[in-house]
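Engineer: Take a look at this one; I'll ask things after.
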Amino acid sequence: MSARRSGGGLRPARYGLLVVLSVLFLLPFYVLVRNAFSSNRLITAARWKWLPDQLNGDNFAALFADDNVGMVPALLHSAVMSISQTTLTVVIALLAGYALARYDTRLSRILLGVTLFTLMVPAAVTFIPMFVMTAQLGWIDSYRGLVVPGMFSAFATYMFRQNFLGFPVELEEAAMIDGANPWTTFWKVVVPNSMGIVGAVGTITFIGSWNAFLWPLLVGRENTRTVQVTLSQFMTSQGVNYPVLFAGALLAISPVVLVFLFLQRFLVQGVETSGMK
């Protein structure tokens, strides 16, 4: 009885802590939305106001009116890069993870060790050699230069491997008994029953690709400048155009927020079924 009362007393405290953490989490988004519809005078004012006197939609008009920035092409380049990279990463990691899970040989264990080792290498260390190879291939300022170097993901491969280790082999054996070959079994049986982890990896990959800045900054030029790189043009040595910058940032995060809201259940389900919970 006392334990039940103790648990009931802790429940309001837990809810209160969750409310506080939720407010702290949403506070940056509130500041982003508030500044996107504010004037420069209000944003830089010494006294903070929670809401602007009137919503200023001219910031978005100015964002698209500047031809030197090119916000519409930047959004298109980011969409092409993110969708292409997500699709290729998921397909390659699917095949690699399935092979590492089903074929337990000495070679597969070595490859798994090498794959896990690459997770410990900082990404910044590989930028210079990747940039040199990309330049030698003539892929600077091209979608190939943006997409190909980032479509091999050790993390995604490991996630798929962990998921396939728990996948019931009986389903694959039943399909093979019915006359299906390994390739058909994989695409007709294994993949349709693994859409949770596919959605999780796809969501993580898309968000990371859309938010990428350093690699698109190195490889992209006028013809392939992404939205994240384009936003940096509003910060110069002469000053920062805060209203337009916040408006662009709000527009830039919208696809990521929508993808997360629609696919978050796959993200939770994928992490649970991959053995990494």
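Every chain in the structure tokens has a letter given in the order shown (A, B, ...), and although residue numbers restart at 1 in each chain, ligands are simply numbered from 1 in the order shown.
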Counting only C-alpha atoms, which residues in region 196-274 of chain A sit no more than 8 Å from region 81-88 of chain A? For each one, give the nearest pair of atoms and the distance in Å, sorted by chain then residue number, as CSV.
Structural biologist:
```
residue,atom,partner,partner_atom,distance
A:Gly202,CA,A:Thr86,CA,5.9
A:Thr205,CA,A:Thr86,CA,5.6
A:Phe206,CA,A:Thr86,CA,5.5
A:Ser209,CA,A:Ser82,CA,5.2
A:Trp210,CA,A:Ser82,CA,5.5
```
Engineer: Which residue out of A:Ile110, A:Leu231, A:Leu24, A:Val190 has the minimum interatomic distance to Leu251 (chain A) when only C-alpha atoms are used?
Structural biologist: A:Leu231
Engineer: Return as a ChimeraX atom specification the full set of residues in region 23-155 of chain A whose backbone-based DSSP assignment is helix (DSSP H, G or I).
Structural biologist: /A:23-36,40-43,58-65,71-102,106-119,123-136,143-150,154-155
Engineer: Just the selected residues (C-alpha atoms), exported as an mmCIF file, in the first residue's frame, please.
Structural biologist:
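The resulting file, again.cif, is shown below:
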```cif
data_model
loop_
_atom_site.group_PDB
_atom_site.id
_atom_site.type_symbol
_atom_site.label_atom_id
_atom_site.label_comp_id
_atom_site.auth_asym_id
_atom_site.auth_seq_id
_atom_site.Cartn_x
_atom_site.Cartn_y
_atom_site.Cartn_z
ATOM 1 C CA VAL A 23 9.336 23.488 -22.887
ATOM 2 C CA LEU A 24 13.139 23.614 -23.007
ATOM 3 C CA PHE A 25 13.103 21.453 -26.137
ATOM 4 C CA LEU A 26 10.492 23.589 -27.908
ATOM 5 C CA LEU A 27 11.990 26.940 -26.875
ATOM 6 C CA PRO A 28 14.479 27.145 -29.804
ATOM 7 C CA PHE A 29 11.641 26.404 -32.260
ATOM 8 C CA TYR A 30 9.564 29.175 -30.706
ATOM 9 C CA VAL A 31 12.477 31.623 -31.054
ATOM 10 C CA LEU A 32 12.924 30.546 -34.678
ATOM 11 C CA VAL A 33 9.259 31.109 -35.561
ATOM 12 C CA ARG A 34 9.075 34.369 -33.609
ATOM 13 C CA ASN A 35 12.158 35.864 -35.279
ATOM 14 C CA ALA A 36 11.101 34.657 -38.739
ATOM 15 C CA ASN A 40 15.411 43.440 -37.411
ATOM 16 C CA ARG A 41 14.731 46.140 -34.817
ATOM 17 C CA LEU A 42 12.663 43.761 -32.697
ATOM 18 C CA ILE A 43 15.159 40.904 -32.984
ATOM 19 C CA ASP A 58 8.002 40.444 -45.939
ATOM 20 C CA ASN A 59 10.940 38.390 -44.667
ATOM 21 C CA PHE A 60 9.874 35.429 -46.810
ATOM 22 C CA ALA A 61 9.275 37.681 -49.813
ATOM 23 C CA ALA A 62 12.793 39.105 -49.430
ATOM 24 C CA LEU A 63 14.165 35.581 -49.112
ATOM 25 C CA PHE A 64 12.923 34.588 -52.568
ATOM 26 C CA ALA A 65 13.372 38.005 -54.172
ATOM 27 C CA MET A 71 16.650 29.947 -52.505
ATOM 28 C CA VAL A 72 14.418 27.945 -54.849
ATOM 29 C CA PRO A 73 17.327 26.198 -56.654
ATOM 30 C CA ALA A 74 18.956 25.577 -53.264
ATOM 31 C CA LEU A 75 15.844 23.794 -51.984
ATOM 32 C CA LEU A 76 15.741 21.733 -55.172
ATOM 33 C CA HIS A 77 19.412 20.762 -54.846
ATOM 34 C CA SER A 78 18.927 19.741 -51.222
ATOM 35 C CA ALA A 79 15.870 17.662 -52.142
ATOM 36 C CA VAL A 80 17.673 15.853 -54.967
ATOM 37 C CA MET A 81 20.731 15.189 -52.811
ATOM 38 C CA SER A 82 18.766 14.003 -49.761
ATOM 39 C CA ILE A 83 16.331 11.751 -51.637
ATOM 40 C CA SER A 84 19.059 10.209 -53.805
ATOM 41 C CA GLN A 85 21.429 9.666 -50.900
ATOM 42 C CA THR A 86 18.705 8.212 -48.684
ATOM 43 C CA THR A 87 17.543 5.776 -51.377
ATOM 44 C CA LEU A 88 21.041 4.572 -52.247
ATOM 45 C CA THR A 89 22.125 4.323 -48.603
ATOM 46 C CA VAL A 90 19.101 2.244 -47.626
ATOM 47 C CA VAL A 91 19.475 -0.162 -50.576
ATOM 48 C CA ILE A 92 23.228 -0.674 -50.091
ATOM 49 C CA ALA A 93 22.953 -1.017 -46.308
ATOM 50 C CA LEU A 94 20.032 -3.442 -46.702
ATOM 51 C CA LEU A 95 22.099 -5.782 -48.853
ATOM 52 C CA ALA A 96 25.241 -5.441 -46.747
ATOM 53 C CA GLY A 97 23.433 -5.889 -43.435
ATOM 54 C CA TYR A 98 21.576 -8.959 -44.671
ATOM 55 C CA ALA A 99 24.790 -10.533 -45.936
ATOM 56 C CA LEU A 100 26.607 -9.898 -42.651
ATOM 57 C CA ALA A 101 23.680 -11.364 -40.674
ATOM 58 C CA ARG A 102 23.075 -14.491 -42.759
ATOM 59 C CA ARG A 106 35.533 -15.606 -41.302
ATOM 60 C CA LEU A 107 35.436 -13.041 -44.088
ATOM 61 C CA SER A 108 32.072 -11.671 -42.971
ATOM 62 C CA ARG A 109 33.355 -11.291 -39.403
ATOM 63 C CA ILE A 110 36.390 -9.388 -40.670
ATOM 64 C CA LEU A 111 34.179 -7.138 -42.776
ATOM 65 C CA LEU A 112 31.924 -6.534 -39.771
ATOM 66 C CA GLY A 113 34.942 -5.549 -37.677
ATOM 67 C CA VAL A 114 36.138 -3.151 -40.359
ATOM 68 C CA THR A 115 32.641 -1.684 -40.633
ATOM 69 C CA LEU A 116 32.441 -1.081 -36.887
ATOM 70 C CA PHE A 117 35.950 0.384 -36.891
ATOM 71 C CA THR A 118 34.895 3.049 -39.388
ATOM 72 C CA LEU A 119 32.266 4.237 -36.906
ATOM 73 C CA ALA A 123 34.063 12.233 -40.319
ATOM 74 C CA ALA A 124 36.285 15.319 -40.533
ATOM 75 C CA VAL A 125 39.345 13.079 -40.929
ATOM 76 C CA THR A 126 38.031 11.658 -44.201
ATOM 77 C CA PHE A 127 36.975 14.961 -45.767
ATOM 78 C CA ILE A 128 40.349 15.816 -47.312
ATOM 79 C CA PRO A 129 40.977 12.415 -49.001
ATOM 80 C CA MET A 130 37.347 12.281 -50.173
ATOM 81 C CA PHE A 131 37.604 15.794 -51.574
ATOM 82 C CA VAL A 132 40.827 14.934 -53.422
ATOM 83 C CA MET A 133 39.259 11.826 -54.971
ATOM 84 C CA THR A 134 36.096 13.716 -55.856
ATOM 85 C CA ALA A 135 38.119 16.451 -57.545
ATOM 86 C CA GLN A 136 40.199 13.916 -59.495
ATOM 87 C CA TYR A 143 25.174 15.709 -57.832
ATOM 88 C CA ARG A 144 27.574 12.777 -58.038
ATOM 89 C CA GLY A 145 30.032 14.631 -55.839
ATOM 90 C CA LEU A 146 27.302 15.426 -53.313
ATOM 91 C CA VAL A 147 25.648 12.001 -53.202
ATOM 92 C CA VAL A 148 28.151 9.220 -53.913
ATOM 93 C CA PRO A 149 30.694 9.835 -51.094
ATOM 94 C CA GLY A 150 27.919 9.820 -48.482
ATOM 95 C CA ALA A 154 28.433 1.855 -41.564
ATOM 96 C CA PHE A 155 25.785 2.846 -39.022
#
```
Engineer: With distances taken over only C-alpha atoms, which of A:Gln228, A:Thr203, A:Asn223, A:Asn56 is nearest to Val257 (chain A)?
Structural biologist: A:Thr203
Engineer: If DSSP is run on the backbone, what residues of region 15-242 of chain A are strand (DSSP E or B)? A reply as a list in words would be ideal.
Structural biologist: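 Secondary structure check on region 15-242 of chain A, strand (DSSP E or B): Met235, Thr236, Gly239 and Val240 of chain A.
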Engineer: Export, as a PDB file, in the first residue's frame, the selected residues with N, CA and C atoms.
Structural biologist:
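The resulting result.pdb:
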```pdb
ATOM      1  N   MET A 235      25.059  35.705 -43.654  1.00  0.00           N
ATOM      2  CA  MET A 235      25.999  36.097 -42.602  1.00  0.00           C
ATOM      3  C   MET A 235      27.315  36.488 -43.259  1.00  0.00           C
ATOM      4  N   THR A 236      27.590  37.765 -43.312  1.00  0.00           N
ATOM      5  CA  THR A 236      28.782  38.286 -43.964  1.00  0.00           C
ATOM      6  C   THR A 236      29.576  39.128 -42.977  1.00  0.00           C
ATOM      7  N   GLY A 239      27.705  42.229 -41.775  1.00  0.00           N
ATOM      8  CA  GLY A 239      26.610  42.091 -40.829  1.00  0.00           C
ATOM      9  C   GLY A 239      25.797  40.843 -41.120  1.00  0.00           C
ATOM     10  N   VAL A 240      24.758  40.657 -40.322  1.00  0.00           N
ATOM     11  CA  VAL A 240      23.878  39.498 -40.442  1.00  0.00           C
ATOM     12  C   VAL A 240      22.455  39.985 -40.681  1.00  0.00           C
TER      13      VAL A 240
END
```
Engineer: Have a look at CA of Val256 (chain A) and CA of Thr44 (chain A) and let me know their distance in Å, one decimal.
Structural biologist: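 Atom-to-atom, CA of Val256 (chain A) to CA of Thr44 (chain A), that is 27.8 Å.
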Engineer: By how many Å are CA of Gly208 (chain A) and CA of Val121 (chain A) apart?
Structural biologist: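 Between these atoms lies a distance of 17.3 Å.
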Engineer: Which one of A:Thr157, A:Gln233, A:Asn193, A:Thr105 sits closest to Leu171 (chain A) if you count only C-alpha atoms?
Structural biologist: A:Asn193
